[in-house]
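Chemist: Input: one structure, supplied below.
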Amino acid sequence: MNKNNDVVSSFIYGVASSAFQIEGATAIDGRVDSIWDTFCQKEGAILNGDNADVTCDYYHLWERDLELLKNLGVDAYRFSIAWPRVVTSLDGDVNNEGLDFYQQIIDRLHYYSIKPYVTLYHWDLPQYLEDQGGWLNRDVVTAFVYYASVVSDYFGDQVASYATLNEPWCSAMLGYLHGIHAPGFQNRRQALQVGHHLLLAHGKAMPVLRQNAPNASHGIVLNLSPYDAGSDKQDDVLAAKLADEENNQWFLQPLLEAKYPQVIIDKYPECMPKMRAGDMEAITAPLDFIGINYYTRQRIFCDESNDVFGYRSEIPEDSEVTAMGWEVYPEGLFNLISELNERYQLPPLLITENGMAADDEYDEVQINDSVRVSYLREHLYVVKRLIEKGIDLRGYFAWSLMDNFEWAEGFDKRFGLYYVDYETQERIPKLSAYFYKDYIEKTKGQ
Ligand code: FCB
């Protein structure tokens, strides 16, 4: 078998989900509130006033939903554990009912020979921690490391892969600068402080995970986009460079090179996070993988009228866009990873999320989401090209197994391979589910 065949057979195909978006059952079996439960109560925060009290009711329907995974023929399932189901008080009380829930899932996945890929933090900070200042309060780092130790001590190597955080950019920037995610603030200094605490929590949890699950692989998941200049004009080129540093490199550089990007330090000196000696060393703990969530690119123009960023992102007029209004741009994935590979000594990579929202309609016969099929096909083709180019890319996860609660967009946006009828809790395979199943089968069978 040549090297390429080895890569093909060990490559992991999966689907992804997250606890708050699918589980529901927010107030039973000992679960406490998270910042997203609170945020959903806030007038105007979520489109149509939706909340995730029930969502896909996966907490009760998980057996049926794991069968969907088996039908798809995936190698792995990326899901998150809800911190507020597991550690339920400031004193560190551990809720066994929470752990039992995930144990059943892990057992069933093993039974189906599907590898569990766990994310520890997919945005659902317990509200009792938010009441102490949340990610702004440095004590949250200790709380996260404790939570990570409880989970990894309990599940150990039953889990194939632990990711500490999902998209710290979103928690910090959408939560504390743009104000559209929980807890909903708009302050750059706070956003960067929160970002630092998130990275520190990640870094300090890594050795604990390694110790408790020595055979699992450990890393972090980042959302990254290429920031292309909208034109050749020097202003636009410069603005794109700054946007890249502020959004991508702000998270990558500390993880890989133990420092924050100098251009951003120079641009916002008054917003720099408070840190202590040893923080950067902790953040740069060795990684077994970086997970990249890729959806679209950003096309940047300098815009001084925008006093928060100094730039704006604009989609070319003739582009295809998703129901989220995001440009469909598979080449961006190729460019992004190629550039990162030139700039850094990268650990192995995974594409931990990729997918699109579409206006799916069920006409009682089928859900013909051919736009999603093309989207997936084109991105999977880029994955193939990246591997051929020699990038150490080890897996691809489609977002998402099924339609779910899409944060500030509520139930309005559908990303699933399976359609969810929220009235009946029926799951209906879309064309994209058949496509993905077929793709995996054919690629693995080669
Ligand atoms: C990512 C999130 C995921 C989902 C997709 C569409 O930013 O990680 O939970 O909402 O976007």
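Residue names in the structure tokens use chain letters A, B, ... in the order shown, residue numbers from 1 in each chain, and ligand numbers from 1 in the order shown.
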According to DSSP computed on the backbone, where in segment 46-257 of chain A is there strand (DSSP E or B)? Give the residues as a PyMOL selection string.
Modeler: chain A and resi 76-80+87+94+115-121+126+161-166+217-223+227-229
Chemist: Run DSSP on the backbone and give me the residues of segment 333-366 of chain A it puts in alpha helix (DSSP H), as an NGL selection string.
Modeler: :A and (333-343)
Chemist: Which chains and residue numbers are within 8 Å of ligand 1, counting only C-alpha atoms and all ligand atoms, if I want them as a list in words?
Modeler: Ser17, Ser18, Gln21, His122, Asn166, Glu167, Cys170, Asn223, Asn293, Tyr295, Glu353, Gly355, Met356, Ala357, Trp399, Ser400, Phe405, Glu406, Trp407 and Phe415 of chain A
Chemist: Residues of the last selection are to be written out with N, CA, C and O atoms, as a PDB file, in the first residue's frame.
Modeler:
```pdb
ATOM      1  N   SER A  17     -21.903  18.184  15.904  1.00  0.00           N
ATOM      2  CA  SER A  17     -23.067  18.836  16.527  1.00  0.00           C
ATOM      3  C   SER A  17     -22.557  19.500  17.797  1.00  0.00           C
ATOM      4  O   SER A  17     -21.378  19.392  18.114  1.00  0.00           O
ATOM      5  N   SER A  18     -23.439  20.164  18.522  1.00  0.00           N
ATOM      6  CA  SER A  18     -23.026  20.643  19.845  1.00  0.00           C
ATOM      7  C   SER A  18     -24.191  20.556  20.816  1.00  0.00           C
ATOM      8  O   SER A  18     -25.362  20.605  20.407  1.00  0.00           O
ATOM      9  N   GLN A  21     -27.116  23.160  21.089  1.00  0.00           N
ATOM     10  CA  GLN A  21     -27.889  23.298  19.861  1.00  0.00           C
ATOM     11  C   GLN A  21     -28.878  22.150  19.631  1.00  0.00           C
ATOM     12  O   GLN A  21     -29.854  22.312  18.912  1.00  0.00           O
ATOM     13  N   HIS A 122     -18.382  24.166  24.039  1.00  0.00           N
ATOM     14  CA  HIS A 122     -19.008  24.742  22.849  1.00  0.00           C
ATOM     15  C   HIS A 122     -20.000  25.816  23.328  1.00  0.00           C
ATOM     16  O   HIS A 122     -21.202  25.700  23.150  1.00  0.00           O
ATOM     17  N   ASN A 166     -14.329  25.134  21.402  1.00  0.00           N
ATOM     18  CA  ASN A 166     -14.787  25.385  20.050  1.00  0.00           C
ATOM     19  C   ASN A 166     -14.774  26.889  19.806  1.00  0.00           C
ATOM     20  O   ASN A 166     -15.431  27.649  20.527  1.00  0.00           O
ATOM     21  N   GLU A 167     -14.008  27.313  18.820  1.00  0.00           N
ATOM     22  CA  GLU A 167     -14.055  28.689  18.319  1.00  0.00           C
ATOM     23  C   GLU A 167     -13.981  29.759  19.407  1.00  0.00           C
ATOM     24  O   GLU A 167     -14.949  30.506  19.618  1.00  0.00           O
ATOM     25  N   CYS A 170     -15.333  33.185  18.605  1.00  0.00           N
ATOM     26  CA  CYS A 170     -16.762  33.513  18.740  1.00  0.00           C
ATOM     27  C   CYS A 170     -17.096  33.879  20.179  1.00  0.00           C
ATOM     28  O   CYS A 170     -17.803  34.866  20.432  1.00  0.00           O
ATOM     29  N   ASN A 223     -12.235  28.807  14.422  1.00  0.00           N
ATOM     30  CA  ASN A 223     -12.893  29.186  13.170  1.00  0.00           C
ATOM     31  C   ASN A 223     -11.975  30.160  12.439  1.00  0.00           C
ATOM     32  O   ASN A 223     -11.601  31.189  12.994  1.00  0.00           O
ATOM     33  N   ASN A 293     -12.674  25.160  11.631  1.00  0.00           N
ATOM     34  CA  ASN A 293     -14.043  25.262  11.142  1.00  0.00           C
ATOM     35  C   ASN A 293     -14.032  26.266  10.003  1.00  0.00           C
ATOM     36  O   ASN A 293     -13.673  27.430  10.190  1.00  0.00           O
ATOM     37  N   TYR A 295     -16.166  27.979   6.817  1.00  0.00           N
ATOM     38  CA  TYR A 295     -17.447  28.194   6.151  1.00  0.00           C
ATOM     39  C   TYR A 295     -17.334  29.104   4.939  1.00  0.00           C
ATOM     40  O   TYR A 295     -17.965  28.897   3.922  1.00  0.00           O
ATOM     41  N   GLU A 353     -15.499  21.517  11.156  1.00  0.00           N
ATOM     42  CA  GLU A 353     -16.841  21.914  10.705  1.00  0.00           C
ATOM     43  C   GLU A 353     -16.737  22.472   9.298  1.00  0.00           C
ATOM     44  O   GLU A 353     -15.809  23.225   8.984  1.00  0.00           O
ATOM     45  N   GLY A 355     -19.971  23.361   6.198  1.00  0.00           N
ATOM     46  CA  GLY A 355     -21.341  23.114   5.760  1.00  0.00           C
ATOM     47  C   GLY A 355     -22.033  24.421   5.429  1.00  0.00           C
ATOM     48  O   GLY A 355     -21.409  25.487   5.442  1.00  0.00           O
ATOM     49  N   MET A 356     -23.302  24.356   5.125  1.00  0.00           N
ATOM     50  CA  MET A 356     -24.011  25.599   4.760  1.00  0.00           C
ATOM     51  C   MET A 356     -25.474  25.555   5.188  1.00  0.00           C
ATOM     52  O   MET A 356     -26.084  24.497   5.279  1.00  0.00           O
ATOM     53  N   ALA A 357     -26.015  26.750   5.413  1.00  0.00           N
ATOM     54  CA  ALA A 357     -27.446  26.878   5.663  1.00  0.00           C
ATOM     55  C   ALA A 357     -28.130  27.078   4.320  1.00  0.00           C
ATOM     56  O   ALA A 357     -27.635  27.816   3.464  1.00  0.00           O
ATOM     57  N   TRP A 399     -20.796  19.934   9.132  1.00  0.00           N
ATOM     58  CA  TRP A 399     -21.724  20.577  10.054  1.00  0.00           C
ATOM     59  C   TRP A 399     -23.031  20.734   9.308  1.00  0.00           C
ATOM     60  O   TRP A 399     -23.051  21.441   8.323  1.00  0.00           O
ATOM     61  N   SER A 400     -24.052  20.029   9.721  1.00  0.00           N
ATOM     62  CA  SER A 400     -24.219  19.340  10.979  1.00  0.00           C
ATOM     63  C   SER A 400     -24.996  18.046  10.751  1.00  0.00           C
ATOM     64  O   SER A 400     -25.627  17.900   9.697  1.00  0.00           O
ATOM     65  N   PHE A 405     -30.602  24.386  16.689  1.00  0.00           N
ATOM     66  CA  PHE A 405     -30.713  25.769  17.173  1.00  0.00           C
ATOM     67  C   PHE A 405     -29.458  26.535  16.769  1.00  0.00           C
ATOM     68  O   PHE A 405     -28.384  26.298  17.323  1.00  0.00           O
ATOM     69  N   GLU A 406     -29.616  27.417  15.787  1.00  0.00           N
ATOM     70  CA  GLU A 406     -28.451  28.115  15.246  1.00  0.00           C
ATOM     71  C   GLU A 406     -28.225  29.447  15.993  1.00  0.00           C
ATOM     72  O   GLU A 406     -28.320  30.526  15.434  1.00  0.00           O
ATOM     73  N   TRP A 407     -27.969  29.355  17.288  1.00  0.00           N
ATOM     74  CA  TRP A 407     -27.573  30.507  18.110  1.00  0.00           C
ATOM     75  C   TRP A 407     -28.486  31.710  17.894  1.00  0.00           C
ATOM     76  O   TRP A 407     -29.699  31.545  17.954  1.00  0.00           O
ATOM     77  N   PHE A 415     -28.815  23.807   8.844  1.00  0.00           N
ATOM     78  CA  PHE A 415     -27.484  23.361   8.403  1.00  0.00           C
ATOM     79  C   PHE A 415     -27.396  21.839   8.272  1.00  0.00           C
ATOM     80  O   PHE A 415     -26.340  21.316   7.931  1.00  0.00           O
TER      81      PHE A 415
END
```
Chemist: When you look at Arg297 of chain A with a cut-off of 6 Å (counting only C-alpha atoms), what residues show up, excluding the ones that are within fewer than 5 positions of it in the same chain? I need them as a list in words.
Modeler: Ser225, Pro226 and Gly332 of chain A
Chemist: Would you list the contacts of Pro330 of chain A as a list in words, taking every protein, DNA or RNA residue within 10 Å and counting only C-alpha atoms, but skipping same-chain residues closer than 3 positions in sequence?
Modeler: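 Listed by chain and then number, they are Tyr294, Tyr295, Thr296, Arg297, Glu327, Leu333, Phe334, Asn335, Tyr375, Leu376, Arg377, Glu378, His379, Leu380, Tyr381, Val382 and Val383 of chain A.
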Chemist: Could the residues in this selection be saved with C-alpha atoms as a CSV table (one decimal), in the first residue's frame?
Modeler:
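Just written: again-v8.csv:
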```
chain,number,residue,atom,x,y,z
A,294,TYR,CA,-14.3,26.7,7.7
A,295,TYR,CA,-17.4,28.2,6.2
A,296,THR,CA,-16.5,31.2,4.0
A,297,ARG,CA,-13.9,33.9,3.4
A,327,GLU,CA,-20.2,33.6,0.3
A,333,LEU,CA,-10.1,26.7,2.3
A,334,PHE,CA,-7.2,25.8,0.0
A,335,ASN,CA,-5.7,29.3,0.3
A,375,TYR,CA,-21.1,22.8,-1.4
A,376,LEU,CA,-19.9,19.7,0.3
A,377,ARG,CA,-18.6,18.1,-2.9
A,378,GLU,CA,-16.5,21.2,-3.7
A,379,HIS,CA,-15.1,21.5,-0.2
A,380,LEU,CA,-14.3,17.8,-0.1
A,381,TYR,CA,-12.5,18.2,-3.4
A,382,VAL,CA,-10.3,20.9,-1.8
A,383,VAL,CA,-9.6,18.5,1.1
```
Chemist: Please provide the set of residues having any atom within 8 Å of segment 301-314 of chain A, restricted to only C-alpha atoms, with same-chain residues fewer than 6 positions apart removed, written as a PyMOL selection string.
Modeler: chain A and resi 229-231+235-240+243
Chemist: Just C-alpha atoms for this one: save the residues we selected as a PDB file, in the first residue's frame.
Modeler:
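Contents of the output file result-v4.pdb:
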```pdb
ATOM      1  CA  ALA A 229      -8.061  42.322   0.144  1.00  0.00           C
ATOM      2  CA  GLY A 230     -11.040  43.603  -1.855  1.00  0.00           C
ATOM      3  CA  SER A 231      -8.713  45.421  -4.287  1.00  0.00           C
ATOM      4  CA  ASP A 235      -5.382  50.724   2.004  1.00  0.00           C
ATOM      5  CA  ASP A 236      -7.405  47.620   1.283  1.00  0.00           C
ATOM      6  CA  VAL A 237      -4.371  45.354   1.359  1.00  0.00           C
ATOM      7  CA  LEU A 238      -3.365  46.803   4.711  1.00  0.00           C
ATOM      8  CA  ALA A 239      -6.892  46.537   6.112  1.00  0.00           C
ATOM      9  CA  ALA A 240      -7.099  42.882   5.068  1.00  0.00           C
ATOM     10  CA  ALA A 243      -8.244  41.917   9.876  1.00  0.00           C
TER      11      ALA A 243
END
```
